[in-house]
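Content type mmCIF, C-alpha atoms, from the file data-v3.cif:
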data_final
#
loop_
_atom_site.label_atom_id
_atom_site.label_comp_id
_atom_site.auth_asym_id
_atom_site.auth_seq_id
_atom_site.Cartn_x
_atom_site.Cartn_y
_atom_site.Cartn_z
CA MET A 1 109.33 107.18 79.04
CA MET A 2 111.51 106.33 76.02
CA GLU A 3 114.66 104.34 76.62
CA TYR A 4 117.58 104.80 74.17
CA GLU A 5 120.46 102.37 74.38
CA VAL A 6 123.06 100.47 72.44
CA LYS A 7 124.07 96.90 73.26
CA ILE A 8 127.48 95.56 72.21
CA ARG A 9 128.65 91.97 72.42
CA VAL A 10 132.22 91.80 73.73
CA GLY A 11 134.68 88.93 74.23
CA SER A 12 135.55 90.09 77.74
CA LEU A 13 134.62 92.92 80.05
CA GLN A 14 138.20 93.35 81.35
CA PRO A 15 139.45 95.88 78.75
CA LEU A 16 136.49 98.17 79.46
CA ARG A 17 136.94 97.81 83.24
CA ALA A 18 140.58 98.83 82.78
CA ARG A 19 139.61 101.78 80.56
CA LEU A 20 137.05 103.00 83.11
CA ALA A 21 139.59 102.68 85.92
CA SER A 22 142.17 104.64 83.90
CA LEU A 23 139.59 107.45 83.55
CA GLY A 24 139.04 107.38 87.31
CA ILE A 25 135.43 106.14 86.94
CA ARG A 26 134.38 103.69 89.64
CA PRO A 27 131.45 101.26 89.60
CA ASP A 28 128.18 102.76 90.74
CA THR A 29 126.29 99.51 91.46
CA CYS A 30 126.93 95.80 91.10
CA HIS A 31 124.20 93.24 91.50
CA THR A 32 122.63 90.11 90.10
CA GLU A 33 119.36 90.46 88.21
CA ARG A 34 116.87 87.68 87.60
CA ASP A 35 114.31 88.60 84.96
CA LEU A 36 111.20 86.48 84.54
CA TYR A 37 109.44 87.21 81.25
CA PHE A 38 105.76 86.70 80.50
CA ASN A 39 103.68 86.39 77.38
CA SER A 40 100.19 87.81 76.99
CA PRO A 41 96.97 85.81 76.60
CA THR A 42 95.77 88.23 73.91
CA ARG A 43 98.81 88.58 71.65
CA ASP A 44 102.25 87.06 71.16
CA PHE A 45 104.79 89.53 72.56
CA GLY A 46 107.43 87.81 70.40
CA ARG A 47 105.55 89.06 67.32
CA THR A 48 104.44 92.44 68.68
CA ASP A 49 107.96 93.01 70.07
CA GLU A 50 106.65 93.95 73.51
CA ALA A 51 107.94 92.58 76.81
CA LEU A 52 106.59 92.15 80.32
CA ARG A 53 108.95 91.09 83.06
CA ILE A 54 109.46 90.83 86.79
CA ARG A 55 113.03 91.78 87.74
CA SER A 56 114.42 90.64 91.09
CA THR A 57 117.65 92.03 92.50
CA GLU A 58 119.13 92.17 95.98
CA GLU A 59 117.48 95.58 96.29
CA GLY A 60 113.91 94.65 95.42
CA THR A 61 111.50 93.71 92.68
CA SER A 62 110.08 95.63 89.75
CA LEU A 63 107.50 95.04 87.04
CA THR A 64 108.40 96.43 83.63
CA TYR A 65 106.45 96.78 80.40
CA LYS A 66 108.49 97.46 77.26
CA GLY A 67 106.98 98.63 74.00
CA PRO A 68 108.19 97.61 70.53
CA LYS A 69 111.80 98.48 69.66
CA ILE A 70 112.42 101.28 67.20
CA GLY A 71 115.67 100.89 65.27
CA LEU A 72 117.67 104.13 65.04
CA ALA A 73 121.13 103.93 63.49
CA GLY A 74 122.34 101.17 65.78
CA VAL A 75 120.69 102.63 68.86
CA LYS A 76 117.70 100.78 70.26
CA ALA A 77 114.80 102.90 71.43
CA ARG A 78 111.72 101.62 73.19
CA GLU A 79 109.15 102.79 75.64
CA GLU A 80 109.60 101.45 79.13
CA ILE A 81 107.21 101.65 82.09
CA ILE A 82 108.58 100.50 85.46
CA VAL A 83 106.83 99.95 88.79
CA SER A 84 108.33 98.80 92.10
CA VAL A 85 106.37 95.83 93.43
CA ASP A 86 106.41 93.82 96.63
CA PRO A 87 106.26 90.92 97.27
CA LYS A 88 107.58 89.27 94.12
CA ASP A 89 105.75 85.93 94.39
CA GLU A 90 102.36 87.61 94.70
CA MET A 91 103.07 89.77 91.64
CA GLU A 92 103.92 86.65 89.67
CA GLU A 93 100.77 84.94 90.93
CA ILE A 94 98.55 87.87 89.90
CA LEU A 95 99.98 87.80 86.36
CA VAL A 96 99.37 84.06 86.12
CA ARG A 97 95.76 84.47 87.33
CA LEU A 98 95.26 87.16 84.68
CA GLY A 99 96.27 84.66 81.99
CA PHE A 100 99.92 85.63 81.41
CA THR A 101 102.34 82.76 80.90
CA ARG A 102 105.96 82.50 82.01
CA THR A 103 108.20 82.29 78.93
CA ALA A 104 111.84 82.61 79.96
CA VAL A 105 114.28 83.60 82.68
CA VAL A 106 117.32 85.81 82.02
CA GLU A 107 119.96 85.90 84.76
CA LYS A 108 122.93 88.22 84.78
CA THR A 109 125.39 90.07 86.93
CA ARG A 110 125.40 93.75 86.07
CA GLU A 111 127.98 96.33 87.03
CA THR A 112 126.96 99.92 86.24
CA TYR A 113 128.97 103.11 85.82
CA ARG A 114 127.78 106.67 85.29
CA VAL A 115 129.60 108.24 82.37
CA GLU A 116 128.61 111.75 81.24
CA GLY A 117 125.02 111.20 82.23
CA THR A 118 124.72 107.80 80.56
CA ILE A 119 124.53 104.52 82.40
CA VAL A 120 127.14 102.06 81.18
CA ALA A 121 126.29 98.48 82.16
CA LEU A 122 128.80 95.62 82.07
CA ASP A 123 126.70 92.45 81.84
CA GLU A 124 127.65 88.81 82.23
CA VAL A 125 124.55 86.97 81.05
CA LYS A 126 124.09 83.33 81.99
CA GLY A 127 124.27 81.21 78.84
CA LEU A 128 124.90 84.19 76.53
CA GLY A 129 128.24 85.81 77.41
CA SER A 130 129.46 89.36 77.99
CA PHE A 131 127.79 92.56 76.84
CA VAL A 132 128.07 96.30 77.31
CA GLU A 133 125.00 98.50 77.30
CA ILE A 134 125.13 102.27 77.09
CA GLU A 135 121.86 103.95 77.97
CA ALA A 136 121.06 107.63 77.52
CA PRO A 137 119.61 109.55 80.47
CA SER A 138 115.83 109.72 80.42
CA GLY A 139 114.37 112.92 79.09
CA LEU A 140 116.79 113.33 76.19
CA GLY A 141 115.40 113.61 72.68
CA GLU A 142 116.29 111.08 69.99
CA GLU A 143 119.15 112.98 68.33
CA GLU A 144 120.79 114.06 71.56
CA ALA A 145 120.52 110.54 72.95
CA ILE A 146 122.13 108.96 69.89
CA ALA A 147 124.94 111.54 69.79
CA LEU A 148 125.70 111.13 73.50
CA ILE A 149 125.74 107.32 73.32
CA SER A 150 128.18 107.45 70.36
CA LYS A 151 130.43 109.91 72.17
CA VAL A 152 130.59 107.79 75.31
CA ARG A 153 131.21 104.65 73.29
CA ARG A 154 134.19 106.29 71.55
CA GLU A 155 135.60 107.62 74.81
CA LEU A 156 135.37 104.22 76.42
CA GLU A 157 136.86 102.55 73.32
CA VAL A 158 134.19 99.86 73.26
CA THR A 159 134.75 97.74 70.18
CA GLY A 160 132.56 94.79 69.31
CA GLU A 161 129.42 93.97 67.45
CA GLU A 162 126.23 95.94 68.12
CA THR A 163 123.09 93.89 68.46
CA PRO A 164 119.48 95.04 68.31
CA LEU A 165 118.35 91.88 70.11
CA SER A 166 117.17 91.79 73.71
CA TYR A 167 118.58 89.14 76.06
CA LEU A 168 115.13 87.55 76.02
CA GLU A 169 115.26 87.20 72.22
CA MET A 170 118.80 85.75 72.43
CA ILE A 171 117.75 83.22 75.09
CA ILE A 172 114.78 82.14 72.98
CA ALA A 173 117.02 81.89 69.87
CA THR A 174 119.42 79.54 71.66
CA ARG A 175 116.66 77.02 72.44
CA MET B 1 95.19 83.69 100.74
CA MET B 2 91.45 83.29 101.37
CA GLU B 3 89.55 86.29 102.69
CA TYR B 4 86.42 85.65 104.81
CA GLU B 5 84.19 88.59 105.57
CA VAL B 6 80.64 89.76 106.10
CA LYS B 7 79.33 93.09 104.83
CA ILE B 8 76.31 94.72 106.46
CA ARG B 9 74.44 97.77 105.20
CA VAL B 10 73.63 100.12 108.06
CA GLY B 11 71.65 103.37 108.28
CA SER B 12 74.38 105.09 110.27
CA LEU B 13 77.80 104.21 111.67
CA GLN B 14 77.22 106.17 114.90
CA PRO B 15 75.62 103.36 116.99
CA LEU B 16 78.57 101.06 116.23
CA ARG B 17 81.11 103.80 116.99
CA ALA B 18 79.38 104.29 120.35
CA ARG B 19 79.35 100.54 121.03
CA LEU B 20 83.08 100.24 120.24
CA ALA B 21 83.85 103.22 122.48
CA SER B 22 81.83 101.68 125.34
CA LEU B 23 83.97 98.53 125.00
CA GLY B 24 87.11 100.66 125.16
CA ILE B 25 88.09 99.82 121.55
CA ARG B 26 89.70 102.70 119.68
CA PRO B 27 90.12 103.14 115.93
CA ASP B 28 93.20 101.50 114.49
CA THR B 29 93.35 103.37 111.19
CA CYS B 30 91.24 105.94 109.35
CA HIS B 31 91.86 106.82 105.73
CA THR B 32 90.27 107.44 102.37
CA GLU B 33 90.57 104.72 99.74
CA ARG B 34 90.19 105.22 96.02
CA ASP B 35 89.78 101.94 94.17
CA LEU B 36 90.11 101.87 90.40
CA TYR B 37 88.75 98.64 88.91
CA PHE B 38 89.75 97.05 85.64
CA ASN B 39 88.24 94.49 83.32
CA SER B 40 90.23 91.87 81.43
CA PRO B 41 90.70 91.71 77.66
CA THR B 42 90.19 87.92 77.76
CA ARG B 43 87.09 87.52 79.93
CA ASP B 44 84.41 89.64 81.59
CA PHE B 45 85.26 89.85 85.30
CA GLY B 46 81.59 90.75 85.92
CA ARG B 47 80.66 87.25 84.72
CA THR B 48 83.62 85.34 86.16
CA ASP B 49 83.19 87.25 89.46
CA GLU B 50 86.87 88.19 89.60
CA ALA B 51 88.22 91.66 90.32
CA LEU B 52 91.42 93.56 89.60
CA ARG B 53 91.93 96.92 91.23
CA ILE B 54 94.47 99.59 92.07
CA ARG B 55 93.84 100.98 95.57
CA SER B 56 95.28 104.37 96.52
CA THR B 57 95.35 105.59 100.10
CA GLU B 58 97.37 108.24 101.93
CA GLU B 59 99.81 105.46 102.79
CA GLY B 60 100.51 104.10 99.32
CA THR B 61 99.18 102.08 96.42
CA SER B 62 98.39 98.41 96.01
CA LEU B 63 97.34 96.10 93.20
CA THR B 64 94.82 93.42 94.18
CA TYR B 65 93.42 90.42 92.35
CA LYS B 66 90.28 88.86 93.82
CA GLY B 67 88.99 85.45 92.82
CA PRO B 68 85.30 84.51 92.54
CA LYS B 69 83.21 84.84 95.70
CA ILE B 70 82.16 81.68 97.49
CA GLY B 71 78.89 82.08 99.43
CA LEU B 72 79.07 80.54 102.92
CA ALA B 73 76.07 81.12 105.21
CA GLY B 74 76.13 84.91 104.85
CA VAL B 75 79.91 85.12 104.99
CA LYS B 76 81.70 86.02 101.78
CA ALA B 77 84.91 84.13 101.03
CA ARG B 78 87.24 84.85 98.16
CA GLU B 79 90.86 84.51 97.30
CA GLU B 80 92.80 87.76 97.44
CA ILE B 81 96.33 88.47 96.21
CA ILE B 82 97.80 91.87 97.13
CA VAL B 83 101.00 93.57 95.99
CA SER B 84 102.35 96.98 96.99
CA VAL B 85 103.14 99.02 93.89
CA ASP B 86 104.78 102.37 93.22
CA PRO B 87 104.17 104.67 91.44
CA LYS B 88 100.41 104.38 90.91
CA ASP B 89 100.16 106.08 87.50
CA GLU B 90 102.75 103.76 85.96
CA MET B 91 100.92 100.70 87.32
CA GLU B 92 97.71 101.96 85.74
CA GLU B 93 99.54 102.62 82.47
CA ILE B 94 101.03 99.10 82.37
CA LEU B 95 97.57 97.55 82.84
CA VAL B 96 96.15 99.70 80.03
CA ARG B 97 99.03 98.70 77.72
CA LEU B 98 98.32 95.04 78.53
CA GLY B 99 94.74 95.50 77.32
CA PHE B 100 92.90 95.96 80.63
CA THR B 101 90.14 98.57 80.66
CA ARG B 102 89.10 100.88 83.50
CA THR B 103 85.56 100.04 84.56
CA ALA B 104 84.69 101.93 87.74
CA VAL B 105 86.00 103.92 90.68
CA VAL B 106 84.89 103.25 94.27
CA GLU B 107 85.76 105.94 96.83
CA LYS B 108 85.24 105.57 100.54
CA THR B 109 86.46 106.64 103.95
CA ARG B 110 87.29 103.61 106.06
CA GLU B 111 87.82 103.49 109.81
CA THR B 112 89.16 100.18 111.08
CA TYR B 113 89.16 98.57 114.52
CA ARG B 114 90.78 95.35 115.69
CA VAL B 115 88.28 93.22 117.57
CA GLU B 116 89.30 89.75 118.77
CA GLY B 117 91.61 89.27 115.82
CA THR B 118 89.09 90.42 113.23
CA ILE B 119 89.27 93.71 111.38
CA VAL B 120 86.05 95.69 111.67
CA ALA B 121 85.75 98.38 109.00
CA LEU B 122 83.28 101.26 109.16
CA ASP B 123 82.87 102.43 105.57
CA GLU B 124 81.20 105.53 104.13
CA VAL B 125 81.08 104.79 100.41
CA LYS B 126 80.55 107.65 97.98
CA GLY B 127 77.18 107.22 96.29
CA LEU B 128 76.30 104.04 98.22
CA GLY B 129 75.99 104.84 101.94
CA SER B 130 77.28 103.28 105.16
CA PHE B 131 78.51 99.72 105.63
CA VAL B 132 80.26 97.59 108.23
CA GLU B 133 82.65 94.85 107.19
CA ILE B 134 83.96 92.22 109.59
CA GLU B 135 86.92 90.30 108.23
CA ALA B 136 88.45 87.19 109.81
CA PRO B 137 92.22 87.12 110.35
CA SER B 138 94.10 85.45 107.52
CA GLY B 139 95.10 81.86 108.13
CA LEU B 140 91.84 80.79 109.77
CA GLY B 141 89.93 77.87 108.29
CA GLU B 142 86.41 78.29 106.97
CA GLU B 143 84.48 77.15 110.07
CA GLU B 144 86.60 79.07 112.55
CA ALA B 145 86.39 82.19 110.39
CA ILE B 146 82.59 82.03 110.15
CA ALA B 147 82.19 81.37 113.89
CA LEU B 148 84.51 84.24 114.85
CA ILE B 149 82.81 86.72 112.52
CA SER B 150 79.37 85.80 113.98
CA LYS B 151 80.66 86.17 117.53
CA VAL B 152 82.15 89.60 116.88
CA ARG B 153 79.01 90.74 115.09
CA ARG B 154 76.88 89.76 118.11
CA GLU B 155 79.25 91.44 120.57
CA LEU B 156 79.21 94.66 118.57
CA GLU B 157 75.41 94.46 118.18
CA VAL B 158 75.58 95.17 114.45
CA THR B 159 72.06 94.95 113.06
CA GLY B 160 71.27 95.52 109.40
CA GLU B 161 71.03 93.68 106.15
CA GLU B 162 73.91 91.44 105.02
CA THR B 163 74.88 91.78 101.41
CA PRO B 164 77.00 89.45 99.29
CA LEU B 165 77.66 92.25 96.78
CA SER B 166 80.97 94.03 96.43
CA TYR B 167 81.03 97.85 96.29
CA LEU B 168 82.04 97.52 92.65
CA GLU B 169 78.91 95.47 91.90
CA MET B 170 76.76 98.01 93.77
CA ILE B 171 78.27 100.94 91.86
CA ILE B 172 77.67 99.16 88.54
CA ALA B 173 74.07 98.31 89.60
CA THR B 174 73.33 102.00 90.31
CA ARG B 175 74.24 103.07 86.77
#
If you took the structure in this file and wrote it as structure tokens, what would it be?
Amino acid sequence: MMEYEVKIRVGSLQPLRARLASLGIRPDTCHTERDLYFNSPTRDFGRTDEALRIRSTEEGTSLTYKGPKIGLAGVKAREEIIVSVDPKDEMEEILVRLGFTRTAVVEKTRETYRVEGTIVALDEVKGLGSFVEIEAPSGLGEEEAIALISKVRRELEVTGEETPLSYLEMIIATR
Amino acid sequence: MMEYEVKIRVGSLQPLRARLASLGIRPDTCHTERDLYFNSPTRDFGRTDEALRIRSTEEGTSLTYKGPKIGLAGVKAREEIIVSVDPKDEMEEILVRLGFTRTAVVEKTRETYRVEGTIVALDEVKGLGSFVEIEAPSGLGEEEAIALISKVRRELEVTGEETPLSYLEMIIATR
């Protein structure tokens, strides 16, 4: 499954919260996410631009593989494969036995809203700041996804700097 | 978690079924299991005596890592780490993306009984024949586990040849 999204660094999430409220759009979910990233014993995911992570939330745990990012006019596209796993500690232990090494932890609180089929996430990332992500619904083609993301961004009046970097890359860059 | 078990090749499962019935012990579960085994890109699990498999049953899917077998007076001991995963196809796809290769499929019908804390499994394995496995409850130490397995085996009057081989090793040996 391809994932198309844009990530925008913002000074504060309050203006967007106010804009969403004025449009009558209420939060869909709000939770904390703790992402533990791994590197491979056979190749450096930092160079191949892949990612493997265990995400823990209040609702459960998932294992996600992400393929290399494809830059598309400010929108980030990448393949994503997600599996629900339980329990978390055993999943982590299996990866370690298979030779994967823990590289970084990304912690954030994420509030999500559904806006015209997209998922708009308001993220406060520990050590990094505030970000907005707009993700196209799965199943859309490239052009449709990009057009929809741009439309939603305009409607929500999200200003700020787009970044192609993942939170993992930002965390590693701050070291 | 260490797993202690003995595996016995039998001509037929019927005598044991009759013995269990005469003791008033009824089957606990009965299902088909399809195990897909993988090899690692960094080492040959056939040589290191490890195993990584996705098991699918009617009840769900699990990912299991097994450490090398430790021979103990006819009882097989090995570390086992199990995680529930969903969906199966995505788990398989993640492993393939990470460089793991599919090596073999083991299919069996397994009937299990609880006998004095052990799990007694009556297996019909496709292409291999009939087997009985007696597994000690988790948490037992080595000596207790071995003693309990021997006691249950005597009570159930299971005759036949013990084998230290896994079904995977048997399937590979028949090629």
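Residues lying within 7 Å of B:Ala51, counting all atoms listed in the file and ignoring same-chain neighbours fewer than 4 positions away, are Phe45, Tyr65, Lys66 and Gly67 of chain B.
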Computed interatomic separation between atom CA of A:Thr29 and atom CA of A:Glu3 (Å):
19.5 Å
The residues within 9 Å of (116.2, 95.2, 66.9), using all atoms listed in the file and the coordinates of the file, should be reported as a compact mmCIF listing (two decimals) with C-alpha atoms, in the coordinates of the input; which are they?
# COMPACT_ATOMS: atom_id res chain seq x y z
CA LYS A 69 111.80 98.48 69.66
CA ILE A 70 112.42 101.28 67.20
CA GLY A 71 115.67 100.89 65.27
CA GLY A 74 122.34 101.17 65.78
CA VAL A 75 120.69 102.63 68.86
CA LYS A 76 117.70 100.78 70.26
CA THR A 163 123.09 93.89 68.46
CA PRO A 164 119.48 95.04 68.31
CA LEU A 165 118.35 91.88 70.11
CA SER A 166 117.17 91.79 73.71
Please identify all residues of chain B having at least one atom at most 8 Å from any atom of chain A, considering all atoms listed in the file, and return them as a PyMOL selection string.
chain B and resi 40-42+64-65+81-87+90-91+93-94+98
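Taking atom CA of A:Val120 and atom CA of A:Arg175 as the two end points, the separation is 28.5 Å.
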Given the file shown, enumerate the residues that the PyMOL selection byres ((chain A and resi 137) around 12) captures and present them as a list in words.
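Selected by the PyMOL selection byres ((chain A and resi 137) around 12) here: Met1, Met2, Glu3, Tyr4, Glu5, Arg114, Val115, Glu116, Gly117, Thr118, Ile119, Val120, Ile134, Glu135, Ala136, Ser138, Gly139, Leu140, Gly141, Glu142, Glu144, Ala145, Ile146, Leu148 and Ile149 of chain A.
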Around (75.8, 94.7, 118.8) in the file's frame, which residues reach within 12 Å when counting only C-alpha atoms? Return as number ranges by chain?
B: 15-20, 22-23, 132, 150-160
Length of the atom CA of B:Leu122 to atom CA of B:Asn39 vector [Å]
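Between these atoms lies a distance of 27.2 Å.
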Listed atoms of stretch 77-82 of chain B boxed along x, y and z, 8 Å each side, centre and edge lengths in Å, one decimal, as AutoDock Vina command-line options:
--center_x 91.4 --center_y 88.0 --center_z 98.6 --size_x 28.9 --size_y 23.7 --size_z 20.8
Evaluate the PyMOL selection byres ((chain B and resi 11) around 8) against this structure - the residues, as a ChimeraX atom specification, please.
/B:9-10,12-13,129-130,160
Hits from the PyMOL selection byres ((chain B and resi 37) around 9), listed as a list in words
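So the PyMOL selection byres ((chain B and resi 37) around 9), applied here, picks out Asp35, Leu36, Phe38, Asn39, Ala51, Leu52, Arg53, Ile54, Arg55, Thr101, Arg102, Thr103, Ala104, Val105, Val106 and Leu168 of chain B.
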So that I can see what lies close to B:Glu107, please list as a list in words the residues with an atom at most 8 Å from it, counting only C-alpha atoms and leaving out residues fewer than 2 positions away in the same chain.
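Once the adjacent positions are removed, what remains is Thr32, Glu33, Arg34, Asp35, Val105, Thr109, Val125 and Lys126 of chain B.
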Excluding same-chain residues fewer than 3 positions from B:Cys30, what lies within 7 Å of it counting only C-alpha atoms, as a PyMOL selection string?
chain B and resi 110-112
